[in-house]
$ cat protein_28.txt   # compact mmCIF, C-alpha atoms and all ligand atoms
# COMPACT_ATOMS: atom_id res chain seq x y z
CA MET A 1 8.15 0.06 33.19
CA PHE A 2 8.82 -1.00 29.63
CA ASP A 3 7.13 -3.67 27.53
CA LEU A 4 10.52 -4.97 26.39
CA ILE A 5 14.16 -4.22 27.17
CA VAL A 6 17.01 -5.38 24.95
CA ARG A 7 19.91 -5.40 27.41
CA GLY A 8 23.59 -4.73 26.90
CA GLY A 9 23.83 -4.93 23.10
CA THR A 10 26.54 -3.26 21.05
CA LEU A 11 25.04 -0.61 18.78
CA PRO A 12 26.43 -0.07 15.24
CA ASP A 13 28.28 3.04 16.46
CA GLY A 14 30.13 0.97 19.08
CA ARG A 15 28.21 2.11 22.17
CA THR A 16 26.94 -0.47 24.61
CA ALA A 17 23.39 0.33 25.69
CA ASP A 18 20.05 -1.01 26.83
CA ILE A 19 17.06 -0.27 24.62
CA GLY A 20 13.66 0.19 26.28
CA ILE A 21 10.54 -0.31 24.17
CA ARG A 22 6.96 0.76 24.89
CA ALA A 23 4.23 -0.38 22.49
CA THR A 24 5.65 0.19 18.98
CA LYS A 25 8.30 2.83 19.80
CA ILE A 26 11.79 3.02 21.28
CA ALA A 27 11.21 4.81 24.61
CA ALA A 28 14.76 4.92 26.02
CA ILE A 29 18.36 4.11 25.11
CA GLY A 30 21.11 4.04 27.75
CA ASP A 31 21.69 2.42 31.15
CA LEU A 32 18.33 0.92 32.10
CA SER A 33 19.71 -1.53 34.67
CA ASP A 34 17.22 -0.37 37.33
CA ALA A 35 14.23 -0.46 34.98
CA GLU A 36 11.67 -3.23 34.79
CA ALA A 37 10.07 -4.72 31.71
CA GLY A 38 7.46 -7.27 30.72
CA LYS A 39 10.15 -9.09 28.77
CA VAL A 40 13.94 -8.86 28.67
CA ILE A 41 16.31 -9.99 25.91
CA ASP A 42 19.96 -10.40 26.87
CA ALA A 43 22.03 -9.03 23.97
CA ALA A 44 25.34 -8.65 25.83
CA GLY A 45 28.22 -9.02 23.37
CA ASP A 46 25.89 -9.05 20.37
CA LEU A 47 25.25 -6.41 17.72
CA VAL A 48 21.90 -4.63 17.93
CA SER A 49 21.09 -2.90 14.66
CA PRO A 50 18.13 -1.18 13.09
CA PRO A 51 16.53 -3.57 10.60
CA PHE A 52 17.85 -4.31 7.14
CA VAL A 53 16.33 -2.36 4.27
CA ASP A 54 16.17 -3.54 0.66
CA PRO A 55 15.76 -0.55 -1.67
CA HIS A 56 15.33 -2.63 -4.83
CA PHE A 57 13.42 -5.88 -5.21
CA HIS A 58 10.90 -7.67 -7.46
CA LEU A 59 8.36 -9.32 -5.22
CA ASP A 60 6.10 -10.25 -8.17
CA ALA A 61 8.81 -12.44 -9.73
CA THR A 62 10.44 -13.99 -6.66
CA GLN A 63 10.37 -17.77 -6.19
CA SER A 64 9.42 -18.34 -9.83
CA TYR A 65 12.81 -19.82 -10.76
CA GLY A 66 12.49 -22.50 -13.42
CA ILE A 67 8.88 -21.64 -14.39
CA PRO A 68 8.39 -22.28 -17.27
CA ARG A 69 12.16 -22.76 -17.89
CA ILE A 70 15.49 -21.42 -16.74
CA ASN A 71 17.40 -18.49 -18.27
CA ALA A 72 19.93 -20.28 -20.48
CA SER A 73 22.03 -17.27 -21.56
CA GLY A 74 22.00 -15.68 -18.10
CA THR A 75 21.35 -12.25 -19.62
CA LEU A 76 18.99 -9.45 -18.58
CA LEU A 77 17.27 -9.59 -21.97
CA GLU A 78 16.53 -13.35 -21.89
CA GLY A 79 15.25 -12.83 -18.33
CA ILE A 80 12.82 -10.16 -19.55
CA GLY A 81 11.64 -12.52 -22.34
CA LEU A 82 11.19 -15.39 -19.88
CA TRP A 83 9.25 -13.17 -17.48
CA GLY A 84 6.97 -12.31 -20.42
CA GLU A 85 6.17 -16.02 -20.84
CA LEU A 86 5.63 -16.49 -17.13
CA LYS A 87 3.30 -13.56 -16.54
CA LYS A 88 0.80 -14.91 -19.10
CA VAL A 89 0.23 -18.01 -16.97
CA MET A 90 0.41 -16.66 -13.40
CA THR A 91 -2.59 -16.33 -11.12
CA GLN A 92 -3.10 -13.70 -8.45
CA ASP A 93 -3.18 -16.35 -5.72
CA GLN A 94 0.19 -17.71 -6.81
CA LEU A 95 1.66 -14.21 -6.83
CA VAL A 96 0.37 -13.48 -3.34
CA GLU A 97 1.56 -16.81 -1.94
CA ARG A 98 5.06 -16.49 -3.37
CA ALA A 99 5.40 -12.92 -2.14
CA LEU A 100 4.18 -13.83 1.35
CA THR A 101 6.63 -16.74 1.50
CA TYR A 102 9.41 -14.36 0.59
CA CYS A 103 8.25 -11.95 3.33
CA ASP A 104 8.53 -14.84 5.83
CA TRP A 105 12.15 -15.29 4.76
CA ALA A 106 12.73 -11.53 5.00
CA ALA A 107 11.23 -11.35 8.51
CA SER A 108 13.52 -14.16 9.67
CA MET A 109 16.52 -12.24 8.31
CA GLY A 110 15.60 -8.94 9.95
CA LEU A 111 14.74 -7.41 6.56
CA LEU A 112 11.80 -5.22 7.55
CA ALA A 113 11.59 -2.58 4.82
CA ILE A 114 11.45 -3.44 1.12
CA ARG A 115 10.97 -1.31 -1.98
CA SER A 116 9.56 -3.66 -4.61
CA HIS A 117 9.01 -2.86 -8.25
CA VAL A 118 5.81 -4.32 -9.68
CA ASP A 119 5.33 -4.91 -13.39
CA THR A 120 2.63 -2.68 -14.88
CA CYS A 121 2.67 -4.03 -18.45
CA ASP A 122 0.05 -6.72 -17.93
CA ASP A 123 -3.37 -5.28 -18.82
CA ARG A 124 -4.96 -7.21 -15.95
CA LEU A 125 -2.53 -5.61 -13.47
CA LEU A 126 -2.54 -8.88 -11.53
CA GLY A 127 0.84 -8.18 -9.98
CA VAL A 128 -0.27 -4.75 -8.81
CA GLU A 129 -3.42 -6.13 -7.20
CA ALA A 130 -1.46 -8.98 -5.61
CA LEU A 131 1.26 -6.79 -4.14
CA LEU A 132 -1.21 -4.18 -2.86
CA GLU A 133 -2.85 -7.08 -1.02
CA VAL A 134 0.54 -8.26 0.29
CA ARG A 135 1.50 -4.71 1.37
CA GLU A 136 -1.62 -4.67 3.56
CA LYS A 137 -1.09 -8.21 4.89
CA VAL A 138 2.52 -7.64 6.04
CA LYS A 139 2.18 -4.05 7.26
CA ASP A 140 2.57 -4.96 10.94
CA TYR A 141 6.07 -6.32 10.33
CA ILE A 142 7.36 -5.21 6.91
CA ASP A 143 7.13 -1.74 5.40
CA LEU A 144 6.54 -2.55 1.75
CA GLN A 145 6.87 0.30 -0.74
CA LEU A 146 5.74 -0.42 -4.32
CA VAL A 147 7.12 1.05 -7.55
CA ALA A 148 5.01 1.09 -10.73
CA PHE A 149 7.43 -0.52 -13.17
CA PRO A 150 6.69 -0.68 -16.92
CA GLN A 151 9.09 -3.61 -17.43
CA ASP A 152 8.51 -3.84 -21.20
CA GLY A 153 9.05 -0.11 -21.76
CA PHE A 154 6.81 2.86 -20.92
CA TYR A 155 6.53 3.70 -24.65
CA ARG A 156 7.76 0.44 -26.18
CA ALA A 157 4.89 -1.70 -24.83
CA PRO A 158 1.58 -0.50 -26.28
CA THR A 159 -0.45 -0.22 -23.06
CA ALA A 160 2.36 0.33 -20.54
CA ARG A 161 1.89 4.07 -20.20
CA GLU A 162 -1.83 3.82 -19.50
CA ASN A 163 -1.36 0.84 -17.15
CA THR A 164 1.42 2.53 -15.19
CA ILE A 165 -0.86 5.50 -14.54
CA ARG A 166 -3.68 3.11 -13.55
CA ALA A 167 -1.32 1.41 -11.08
CA LEU A 168 -0.48 4.77 -9.48
CA ASP A 169 -4.21 5.52 -9.23
CA MET A 170 -4.65 2.18 -7.45
CA GLY A 171 -2.20 3.23 -4.73
CA VAL A 172 1.26 2.19 -5.90
CA ASP A 173 3.72 4.46 -4.09
CA VAL A 174 6.60 5.30 -6.47
CA VAL A 175 7.02 6.03 -10.21
CA GLY A 176 9.31 3.58 -12.06
CA GLY A 177 10.63 3.17 -15.59
CA ILE A 178 13.27 1.52 -17.75
CA PRO A 179 14.63 4.11 -20.22
CA HIS A 180 17.45 1.93 -21.59
CA PHE A 181 14.84 -0.63 -22.75
CA GLU A 182 12.85 1.86 -24.85
CA ARG A 183 13.35 1.56 -28.63
CA THR A 184 15.70 4.53 -28.96
CA MET A 185 17.86 6.73 -26.76
CA ALA A 186 15.47 9.58 -27.60
CA ASP A 187 12.44 7.57 -26.41
CA GLY A 188 14.38 6.65 -23.27
CA ALA A 189 15.08 10.31 -22.51
CA ALA A 190 11.45 11.24 -23.25
CA SER A 191 10.26 8.53 -20.85
CA VAL A 192 12.47 9.90 -18.07
CA LYS A 193 11.01 13.37 -18.64
CA GLU A 194 7.39 12.24 -18.61
CA LEU A 195 7.82 9.88 -15.64
CA CYS A 196 9.43 12.65 -13.57
CA GLU A 197 6.60 15.01 -14.53
CA ILE A 198 4.03 12.43 -13.40
CA ALA A 199 5.85 12.13 -10.06
CA ALA A 200 6.05 15.91 -9.64
CA GLU A 201 2.31 16.31 -10.33
CA ARG A 202 1.37 13.58 -7.86
CA GLY A 203 3.96 14.38 -5.19
CA LEU A 204 5.57 10.94 -5.53
CA MET A 205 9.11 9.59 -5.50
CA VAL A 206 10.85 8.24 -8.62
CA ASP A 207 13.00 5.12 -8.94
CA LEU A 208 14.00 4.14 -12.46
CA HIS A 209 15.85 1.08 -13.65
CA CYS A 210 18.44 3.29 -15.28
CA ASP A 211 21.24 2.36 -17.67
CA GLU A 212 21.31 -1.32 -16.68
CA SER A 213 23.53 -1.86 -19.67
CA ASP A 214 27.17 -2.32 -20.62
CA ASP A 215 26.80 0.39 -23.27
CA PRO A 216 28.85 3.41 -22.17
CA MET A 217 26.59 5.65 -24.28
CA SER A 218 23.56 4.74 -22.18
CA ARG A 219 23.36 8.10 -20.39
CA HIS A 220 19.79 8.33 -19.10
CA ILE A 221 21.13 9.13 -15.64
CA GLU A 222 22.11 12.54 -17.05
CA THR A 223 18.49 13.20 -18.06
CA LEU A 224 17.26 11.88 -14.71
CA ALA A 225 19.51 14.30 -12.81
CA PHE A 226 18.45 17.15 -15.11
CA GLU A 227 14.70 16.48 -14.75
CA THR A 228 15.09 16.08 -10.99
CA GLN A 229 16.56 19.55 -10.59
CA ARG A 230 14.24 21.09 -13.22
CA LEU A 231 11.14 19.83 -11.40
CA GLY A 232 12.47 20.39 -7.87
CA LEU A 233 12.38 16.67 -7.01
CA HIS A 234 15.62 16.88 -5.00
CA GLY A 235 16.06 13.97 -2.58
CA ARG A 236 13.06 12.06 -3.98
CA VAL A 237 14.66 10.37 -6.98
CA ALA A 238 16.82 7.27 -7.31
CA GLY A 239 18.58 5.64 -10.24
CA SER A 240 18.72 1.87 -9.87
CA HIS A 241 21.62 -0.15 -11.32
CA LEU A 242 23.48 2.60 -13.29
CA THR A 243 25.80 -0.11 -14.60
CA SER A 244 26.71 1.67 -17.84
CA MET A 245 28.67 4.07 -15.63
CA HIS A 246 31.29 1.38 -15.14
CA SER A 247 32.10 1.65 -18.87
CA MET A 248 31.67 5.40 -19.35
CA ASP A 249 34.46 7.74 -20.27
CA ASN A 250 36.11 9.14 -17.14
CA TYR A 251 35.93 12.74 -18.30
CA TYR A 252 32.19 12.44 -18.86
CA VAL A 253 31.71 10.89 -15.41
CA SER A 254 33.66 13.76 -13.85
CA LYS A 255 30.87 16.05 -15.07
CA LEU A 256 28.02 13.63 -14.36
CA LEU A 257 28.66 12.88 -10.66
CA PRO A 258 28.45 16.54 -9.53
CA LEU A 259 25.15 16.85 -11.45
CA MET A 260 23.77 13.82 -9.57
CA ALA A 261 24.98 15.28 -6.27
CA GLU A 262 23.44 18.69 -7.06
CA ALA A 263 20.05 17.10 -7.80
CA GLN A 264 20.38 14.76 -4.78
CA VAL A 265 19.67 11.74 -6.98
CA ALA A 266 20.40 8.57 -5.01
CA ALA A 267 21.97 5.45 -6.51
CA ILE A 268 20.88 1.85 -5.95
CA PRO A 269 23.46 -0.65 -7.22
CA ASN A 270 22.44 -4.31 -7.07
CA PRO A 271 25.75 -6.15 -6.68
CA LEU A 272 24.58 -9.78 -6.71
CA ILE A 273 22.60 -9.35 -9.88
CA ASN A 274 24.92 -7.05 -11.77
CA ILE A 275 28.05 -9.16 -11.20
CA MET A 276 25.96 -12.03 -12.60
CA LEU A 277 24.23 -10.30 -15.56
CA GLN A 278 26.62 -7.67 -16.85
CA GLY A 279 29.59 -8.25 -19.15
CA ARG A 280 27.97 -11.28 -20.78
CA ASN A 281 28.97 -10.05 -24.25
CA ASP A 282 32.56 -9.46 -23.17
CA THR A 283 35.36 -11.92 -23.73
CA PHE A 284 38.40 -10.82 -21.74
CA PRO A 285 39.09 -8.50 -20.10
CA LYS A 286 35.56 -8.87 -18.71
CA ARG A 287 33.85 -5.94 -17.00
CA ARG A 288 32.63 -6.25 -13.40
CA GLY A 289 29.37 -4.48 -14.15
CA LEU A 290 28.88 -2.64 -10.88
CA THR A 291 28.48 1.13 -10.97
CA ARG A 292 31.06 3.51 -9.45
CA VAL A 293 30.15 3.15 -5.78
CA LYS A 294 33.19 4.71 -4.09
CA GLU A 295 33.25 7.61 -6.51
CA MET A 296 29.59 8.37 -5.87
CA LEU A 297 30.11 8.20 -2.10
CA SER A 298 33.04 10.60 -2.37
CA HIS A 299 30.71 13.08 -4.13
CA GLY A 300 28.20 12.88 -1.27
CA ILE A 301 25.66 10.86 -3.31
CA THR A 302 23.45 8.59 -1.20
CA VAL A 303 24.02 4.95 -2.17
CA GLY A 304 21.96 1.95 -1.03
CA PHE A 305 22.64 -1.63 -2.07
CA GLY A 306 19.62 -3.59 -3.35
CA GLN A 307 19.01 -7.30 -3.64
CA ASP A 308 16.89 -7.09 -6.83
CA CYS A 309 16.10 -10.78 -7.32
CA VAL A 310 15.74 -14.05 -5.44
CA LEU A 311 14.96 -17.25 -7.37
CA ASP A 312 13.50 -15.68 -10.50
CA PRO A 313 14.22 -15.43 -14.27
CA TRP A 314 17.26 -13.23 -13.59
CA TYR A 315 18.88 -14.86 -10.56
CA SER A 316 18.82 -18.44 -9.40
CA LEU A 317 20.02 -17.96 -5.80
CA GLY A 318 19.29 -15.65 -2.85
CA THR A 319 18.01 -15.93 0.71
CA ALA A 320 16.57 -12.50 1.62
CA ASP A 321 19.82 -11.77 3.47
CA MET A 322 20.92 -8.18 2.88
CA LEU A 323 24.30 -9.11 4.37
CA ASP A 324 24.89 -11.29 1.27
CA VAL A 325 24.25 -8.15 -0.77
CA ALA A 326 26.64 -6.05 1.34
CA PHE A 327 29.26 -8.82 1.16
CA MET A 328 29.14 -8.94 -2.65
CA GLY A 329 29.05 -5.14 -2.93
CA LEU A 330 32.10 -4.88 -0.69
CA HIS A 331 34.06 -7.23 -2.95
CA VAL A 332 33.00 -5.97 -6.36
CA ALA A 333 33.40 -2.30 -5.43
CA GLN A 334 36.67 -3.13 -3.61
CA MET A 335 35.51 -1.48 -0.39
CA SER A 336 38.19 -3.03 1.77
CA SER A 337 39.24 -0.38 4.32
CA PRO A 338 37.56 -0.54 7.76
CA GLU A 339 35.62 2.63 6.97
CA GLU A 340 34.48 1.29 3.60
CA MET A 341 33.46 -2.10 5.02
CA ARG A 342 31.43 -0.25 7.62
CA GLN A 343 29.80 1.82 4.82
CA CYS A 344 28.69 -1.45 3.17
CA PHE A 345 26.69 -2.28 6.32
CA ASP A 346 25.18 1.23 6.29
CA MET A 347 24.18 0.79 2.64
CA VAL A 348 21.85 -2.09 3.57
CA THR A 349 20.49 -0.30 6.66
CA THR A 350 20.50 3.46 7.27
CA GLU A 351 21.39 4.68 3.76
CA SER A 352 18.69 2.57 2.12
CA ALA A 353 16.16 3.73 4.73
CA ARG A 354 17.03 7.31 3.74
CA ILE A 355 16.38 6.52 0.06
CA LEU A 356 12.97 5.05 0.94
CA GLY A 357 12.17 8.18 2.96
CA HIS A 358 11.52 6.31 6.22
CA GLN A 359 11.36 9.04 8.87
CA ASP A 360 10.85 6.85 11.96
CA TYR A 361 13.70 4.44 11.25
CA GLY A 362 16.81 4.01 13.41
CA LEU A 363 18.02 3.43 16.94
CA ARG A 364 16.86 6.59 18.70
CA VAL A 365 14.18 7.53 21.17
CA GLY A 366 10.85 8.01 19.40
CA ALA A 367 11.76 5.85 16.41
CA GLN A 368 9.83 2.73 15.47
CA ALA A 369 10.87 -0.19 17.74
CA SER A 370 12.14 -2.38 14.92
CA LEU A 371 15.57 -3.91 15.41
CA VAL A 372 17.71 -6.98 14.96
CA VAL A 373 20.05 -8.77 17.38
CA LEU A 374 22.88 -10.45 15.45
CA ASP A 375 25.44 -13.04 16.52
CA ALA A 376 28.31 -10.66 15.67
CA GLY A 377 30.37 -8.10 17.58
CA ASN A 378 30.05 -5.16 15.18
CA PRO A 379 28.83 -4.25 11.67
CA ILE A 380 32.01 -5.37 9.90
CA GLU A 381 31.87 -8.74 11.62
CA ALA A 382 28.22 -8.98 10.61
CA VAL A 383 29.20 -8.56 6.94
CA ARG A 384 32.01 -11.11 7.34
CA LEU A 385 29.89 -13.78 9.06
CA ARG A 386 26.38 -13.09 7.77
CA PRO A 387 25.37 -14.64 11.10
CA ALA A 388 22.15 -15.80 12.70
CA ARG A 389 19.56 -13.13 13.46
CA LEU A 390 19.08 -14.11 17.12
CA TYR A 391 16.03 -11.88 17.56
CA VAL A 392 14.05 -9.82 15.10
CA ILE A 393 11.76 -7.22 16.64
CA ALA A 394 9.18 -5.47 14.46
CA LYS A 395 7.22 -2.51 15.81
CA GLY A 396 7.78 -3.68 19.39
CA LYS A 397 7.05 -7.40 18.89
CA VAL A 398 9.53 -10.29 18.66
CA ILE A 399 8.64 -11.83 15.30
CA SER A 400 11.54 -14.24 14.75
CA LYS A 401 14.24 -16.08 16.71
CA THR A 402 17.19 -18.10 15.37
CA PRO A 403 19.60 -20.04 17.60
CA ARG A 404 23.33 -19.35 17.48
CA GLN A 405 25.07 -21.58 14.99
CA ASN A 406 27.99 -23.00 16.97
CA ALA A 407 29.81 -26.01 15.61
CA GLU A 408 30.87 -28.85 17.91
CA LEU A 409 34.45 -29.90 17.28
CA ALA A 410 36.00 -33.31 17.86
CA LEU A 411 39.70 -32.40 17.69
CA PRO A 412 42.51 -33.31 20.08
CA ALA A 413 43.62 -30.44 22.38
CA ARG A 414 41.26 -27.97 20.70
CA PRO A 415 38.07 -26.29 21.96
CA GLU A 416 34.86 -28.29 21.95
CA THR A 417 32.87 -25.62 20.13
CA VAL A 418 33.68 -22.95 17.57
CA ARG A 419 31.67 -19.80 16.75
CA ARG A 420 33.92 -18.22 14.06
CA ARG A 421 33.61 -14.86 15.81
CA HIS A 422 36.86 -12.93 16.11
CA ALA A 423 38.33 -13.00 19.60
CA ALA A 424 38.43 -9.21 19.79
CA HIS A 425 34.65 -9.12 19.41
CA ASN A 426 33.64 -11.95 21.73
ZN ZN B 501 15.20 -4.50 -10.81

$ encode --input "protein_28.txt" --output "structure tokens" --more "lines below"
Ligand SMILES: [Zn+2]
Amino acid sequence: MFDLIVRGGTLPDGRTADIGIRATKIAAIGDLSDAEAGKVIDAAGDLVSPPFVDPHFHLDATQSYGIPRINASGTLLEGIGLWGELKKVMTQDQLVERALTYCDWAASMGLLAIRSHVDTCDDRLLGVEALLEVREKVKDYIDLQLVAFPQDGFYRAPTARENTIRALDMGVDVVGGIPHFERTMADGAASVKELCEIAAERGLMVDLHCDESDDPMSRHIETLAFETQRLGLHGRVAGSHLTSMHSMDNYYVSKLLPLMAEAQVAAIPNPLINIMLQGRNDTFPKRRGLTRVKEMLSHGITVGFGQDCVLDPWYSLGTADMLDVAFMGLHVAQMSSPEEMRQCFDMVTTESARILGHQDYGLRVGAQASLVVLDAGNPIEAVRLRPARLYVIAKGKVISKTPRQNAELALPARPETVRRRHAAHN
């Protein structure tokens, strides 16, 4: 007897299987046609996936678009300036409410694990207090991991260093930084060194906004890989963005990628944001601004796509749909073969879960019973359609349902409804 059985779904690896859930765990996967359950979901013909995972987000800034004004230049730097104006006037209640609203959107999209950076440059640490409160409030349905992020520079902002350490003392999970925003390359490198040392001392993970720049000489990823191996932080460190790599000299990159692989430094490109923000000083040809995704994958580097922003000073769109992120990543990185398209789905599910260190994630017996039923036949079709999340199950409970979105047609000698699913997958 199970509490819940999800019957007949197609798993991401192509198998058809029933999934039996007891309490908060997956108890069985296979042919459960003779088994009984308190509740049954018919997923025949639909994709059943582990939940989406966002390895890079800013929950303290989301849904603040237009307050107090919009980003006229569309650049990262104007966004940082605008955020500076906004954070002076925010209240903790507003921060909590906006973040909870975003978590509602995420739940409805099957996005059940989020790593969010939280700004630690405000002496009041309002954002930190707010997101610690939100982490607690959503813990039954979203695993929220927080990164202490000195947005205005660990050394460049006068109290950032002290406040970042305070935030970690308050229970923030991961050490963050922004070396390319420090005053000099030397300060940037020094910040990477000290931040990695703090993580090593405290047994924490590291995730730096690293080289989010079009400057090919922004090479803090080299220092990050070096400090990771020096301090034995293998597998616990990620570089977010890494956009300067798209402009770096190829010979230099041929040395850099093996160093990243050796240190097991993961990469978190943010395709929606970087195709929007990067290359703003270019005329033509204009750079795409996404890091070297395929090249990193071919070196065995773990890559997870992040969403970064939704409706904030840096990005005016977004819906908490990680399939939008995979869709953009697929295009900008030119990941067009079937295998590569499939990898784009993995980069917003399993690969990002690996970066966050989630041990009980996935579709296997004993794992957390969190999964999504999608109106698609397989992962590639999911990226193509970005379809309705028919059911979202978090830790054994159905937390969201969305009806199929079929259109009714009024055309002579044509079907009455259309689903836009490919015949081979129906
Ligand atoms: Zn970011």

$ atom_distance --input "protein_28.txt" --atom1 "atom CA of Thr120 of chain A" --atom2 "atom CA of Thr350 of chain A"
29.1 Å

$ residues_near_ligand --input "protein_28.txt" --ligand "ligand ZN 501 (chain B)" --cutoff "7 Å" --atoms "only C-alpha atoms and all ligand atoms" --output "number ranges by chain"
A: 56-58, 117, 209, 308

$ closest_atom_pairs --input "protein_28.txt" --of "segment 159-230 of chain A" --to "segment 280-294 of chain A" --cutoff "12 Å" --atoms "all atoms listed in the file" --output "tab-separated table"
residue	atom	partner	partner_atom	distance
A:Cys210	CA	A:Thr291	CA	11.1
A:Asp211	CA	A:Thr291	CA	9.9
A:Glu212	CA	A:Gly289	CA	9.0
A:Ser213	CA	A:Gly289	CA	8.5
A:Asp214	CA	A:Gly289	CA	7.2
A:Asp215	CA	A:Gly289	CA	10.7
A:Pro216	CA	A:Gly289	CA	11.3
A:Ile221	CA	A:Thr291	CA	11.8

$ closest_residue --input "protein_28.txt" --among "A:Val325, A:Ala37, A:Ala157, A:Leu195" --to "Cys309 of chain A" --atoms "all atoms listed in the file"
A:Val325

$ closest_residue --input "protein_28.txt" --among "A:Gly279, A:Gly176, A:Gly235, A:Pro415" --to "Arg115 of chain A" --atoms "only C-alpha atoms"
A:Gly176

$ closest_atom_pairs --input "protein_28.txt" --of "segment 324-362 of chain A" --to "segment 14-31 of chain A" --cutoff "12 Å" --atoms "all atoms listed in the file" --output "Markdown table"
| residue | atom | partner | partner_atom | distance |
| --- | --- | --- | --- | --- |
| A:Arg342 | CA | A:Gly14 | CA | 11.6 |
| A:Asp360 | CA | A:Lys25 | CA | 9.2 |
| A:Tyr361 | CA | A:Lys25 | CA | 10.2 |
| A:Gly362 | CA | A:Ile26 | CA | 9.4 |

$ closest_residue --input "protein_28.txt" --among "A:Arg236, A:Lys255, A:Arg421, A:Arg384" --to "Gly357 of chain A" --atoms "all atoms listed in the file"
A:Arg236
